[in-house]
Amino acid sequence: MGPDAYRTAGLAEAGARNPSGMGLEMVTCQSAEAAMEGAQIVTTCTADKQYATILTDNMVGNGVHINAIGGDCPGKTELAPAILHRSSIFMEYPEQTRMEGEIQQLDPDNPRDLFGMLMRAAGAA
């Protein structure tokens with residue numbers, strides 16, 4: 001799903017070829033809302049360099065896993081802040097993620113680094 005129909009069609013075509021033989025199916029949707037229906041794992045990866053809301057809070061059900069990888073520079077986001085406020089957030093590099101990731105929308109003192117907490121508890125960090 002994307003705003004550019006030509007690019008979306010090309011991505012869908014390439015995506016349909018890549019998982020062939022792996023039991024996966026690529027489905028093209030006309031809207032983000034349609035793409036979210038029944039989804040359990042979601043990856044956002046847009047190229048727009050701005051604060052954007054690709055997913056709103058009402059689109060994301062409980063227990064959905066989101067890989068939000070498109071918020072990759074300062075000022076660029078994809079998730080509504082309300083999603084972050086009700087989520088368990090795991091990040092590999094908290095300092096970088098606070099500058100370039102989705103959590104740049106949160107208060108800097110917001111303790112959301114569950115990945116780091118798990119790693120420290122396991123003695124790996």
# chains A, B, ... in the order shown; residues from 1 in each chain; ligands from 1
>>> closest_atom_pairs(of="region 43-110 of chain A", to="region 24-39 of chain A", cutoff="10 Å", atoms="only C-alpha atoms", output="JSON lines")
{"residue": "A:Ile54", "atom": "CA", "partner": "A:Ala32", "partner_atom": "CA", "distance": 7.2}
{"residue": "A:Leu55", "atom": "CA", "partner": "A:Ala32", "partner_atom": "CA", "distance": 7.2}
{"residue": "A:Thr56", "atom": "CA", "partner": "A:Glu33", "partner_atom": "CA", "distance": 9.1}
{"residue": "A:Asn58", "atom": "CA", "partner": "A:Glu33", "partner_atom": "CA", "distance": 9.4}
{"residue": "A:Met59", "atom": "CA", "partner": "A:Glu33", "partner_atom": "CA", "distance": 6.4}
{"residue": "A:Val60", "atom": "CA", "partner": "A:Met36", "partner_atom": "CA", "distance": 7.2}
{"residue": "A:Gly61", "atom": "CA", "partner": "A:Ala39", "partner_atom": "CA", "distance": 8.7}
{"residue": "A:Val64", "atom": "CA", "partner": "A:Ala39", "partner_atom": "CA", "distance": 7.2}
{"residue": "A:His65", "atom": "CA", "partner": "A:Ala39", "partner_atom": "CA", "distance": 8.9}
{"residue": "A:Ile66", "atom": "CA", "partner": "A:Ala39", "partner_atom": "CA", "distance": 9.9}
>>> residues_around(residues="Ala68 (chain A)", least_positions_apart="6", cutoff="10 Å", atoms="only C-alpha atoms", output="PyMOL selection string")
chain A and resi 42-46+77-79+101-102
>>> atom_distance(atom1="CA of Leu11 (chain A)", atom2="CA of Gln50 (chain A)")
22.1 Å
>>> atom_distance(atom1="CA of Ala9 (chain A)", atom2="CA of Gly70 (chain A)")
19.8 Å
>>> atom_distance(atom1="CA of Glu95 (chain A)", atom2="CA of Asp57 (chain A)")
25.1 Å
>>> select_by_dssp(residues="region 49-109 of chain A", states="strand (DSSP E or B)", output="VMD selection string")
chain A and resid 51 to 55 65 to 68 77 to 79
>>> residues_around(residues="Ile103 (chain A)", least_positions_apart="5", cutoff="10 Å", atoms="only C-alpha atoms", output="PDB file with C-alpha atoms, in the first residue's frame")
ATOM      1  CA  GLY A  71      11.425   6.552  11.368  1.00  0.00           C
ATOM      2  CA  THR A  77       7.884   9.139  12.340  1.00  0.00           C
ATOM      3  CA  LEU A  79       3.139   5.842  14.326  1.00  0.00           C
ATOM      4  CA  PRO A  81       1.939   8.700  19.714  1.00  0.00           C
ATOM      5  CA  LEU A  84       3.600   4.197  21.721  1.00  0.00           C
ATOM      6  CA  HIS A  85       1.948   5.086  25.032  1.00  0.00           C
ATOM      7  CA  ILE A  89       8.892  -0.881  23.155  1.00  0.00           C
ATOM      8  CA  MET A  91      15.041  -0.894  20.870  1.00  0.00           C
ATOM      9  CA  PRO A  94      18.187   3.826  22.824  1.00  0.00           C
ATOM     10  CA  GLN A  96      19.953   6.702  18.466  1.00  0.00           C
ATOM     11  CA  THR A  97      16.302   5.681  18.637  1.00  0.00           C
ATOM     12  CA  ARG A  98      15.449   8.732  20.755  1.00  0.00           C
ATOM     13  CA  PRO A 108      13.053  11.780  26.987  1.00  0.00           C
ATOM     14  CA  ASN A 110      10.053   7.812  29.358  1.00  0.00           C
ATOM     15  CA  ARG A 112      10.684   2.308  27.385  1.00  0.00           C
TER      16      ARG A 112
END
>>> decode(residues="region 71-94 of chain A", atoms="N, CA and C atoms", output="tab-separated table (two decimals), in the first residue's frame")
chain	number	residue	atom	x	y	z
A	71	GLY	N	11.04	5.35	10.63
A	71	GLY	CA	11.43	6.55	11.37
A	71	GLY	C	12.93	6.56	11.54
A	72	ASP	N	13.66	6.83	10.45
A	72	ASP	CA	15.10	6.64	10.46
A	72	ASP	C	15.91	7.93	10.39
A	73	CYS	N	15.29	9.06	10.69
A	73	CYS	CA	16.03	10.31	10.78
A	73	CYS	C	15.26	11.26	11.70
A	74	PRO	N	15.92	12.26	12.24
A	74	PRO	CA	15.22	13.20	13.12
A	74	PRO	C	14.03	13.83	12.40
A	75	GLY	N	12.92	13.91	13.10
A	75	GLY	CA	11.73	14.51	12.53
A	75	GLY	C	10.88	13.59	11.68
A	76	LYS	N	11.25	12.34	11.57
A	76	LYS	CA	10.50	11.39	10.74
A	76	LYS	C	9.89	10.30	11.62
A	77	THR	N	8.59	10.17	11.57
A	77	THR	CA	7.88	9.14	12.34
A	77	THR	C	6.76	8.55	11.49
A	78	GLU	N	6.21	7.43	11.95
A	78	GLU	CA	5.14	6.75	11.21
A	78	GLU	C	3.97	6.35	12.11
A	79	LEU	N	4.17	6.33	13.41
A	79	LEU	CA	3.14	5.84	14.33
A	79	LEU	C	2.53	6.99	15.13
A	80	ALA	N	1.23	6.89	15.35
A	80	ALA	CA	0.57	7.86	16.23
A	80	ALA	C	1.14	7.69	17.64
A	81	PRO	N	1.39	8.80	18.36
A	81	PRO	CA	1.94	8.70	19.71
A	81	PRO	C	1.12	7.80	20.64
A	82	ALA	N	-0.19	7.76	20.47
A	82	ALA	CA	-1.03	6.93	21.35
A	82	ALA	C	-0.64	5.45	21.27
A	83	ILE	N	-0.18	5.00	20.11
A	83	ILE	CA	0.28	3.61	19.97
A	83	ILE	C	1.48	3.38	20.89
A	84	LEU	N	2.39	4.33	20.90
A	84	LEU	CA	3.60	4.20	21.72
A	84	LEU	C	3.26	4.18	23.21
A	85	HIS	N	2.30	4.99	23.61
A	85	HIS	CA	1.95	5.09	25.03
A	85	HIS	C	1.36	3.80	25.59
A	86	ARG	N	0.80	2.95	24.74
A	86	ARG	CA	0.21	1.69	25.23
A	86	ARG	C	1.02	0.46	24.85
A	87	SER	N	2.23	0.67	24.35
A	87	SER	CA	3.02	-0.43	23.81
A	87	SER	C	4.22	-0.78	24.67
A	88	SER	N	4.66	-2.02	24.53
A	88	SER	CA	5.97	-2.43	25.02
A	88	SER	C	6.95	-2.11	23.89
A	89	ILE	N	7.97	-1.34	24.20
A	89	ILE	CA	8.89	-0.88	23.16
A	89	ILE	C	10.27	-1.49	23.39
A	90	PHE	N	10.79	-2.13	22.35
A	90	PHE	CA	12.10	-2.75	22.38
A	90	PHE	C	12.97	-2.05	21.36
A	91	MET	N	14.14	-1.58	21.79
A	91	MET	CA	15.04	-0.89	20.87
A	91	MET	C	16.46	-1.35	21.12
A	92	GLU	N	17.23	-1.41	20.07
A	92	GLU	CA	18.61	-1.87	20.18
A	92	GLU	C	19.54	-0.77	20.69
A	93	TYR	N	19.40	0.42	20.16
A	93	TYR	CA	20.26	1.56	20.53
A	93	TYR	C	19.40	2.71	21.00
A	94	PRO	N	19.11	2.79	22.31
A	94	PRO	CA	18.19	3.83	22.82
A	94	PRO	C	18.59	5.25	22.45
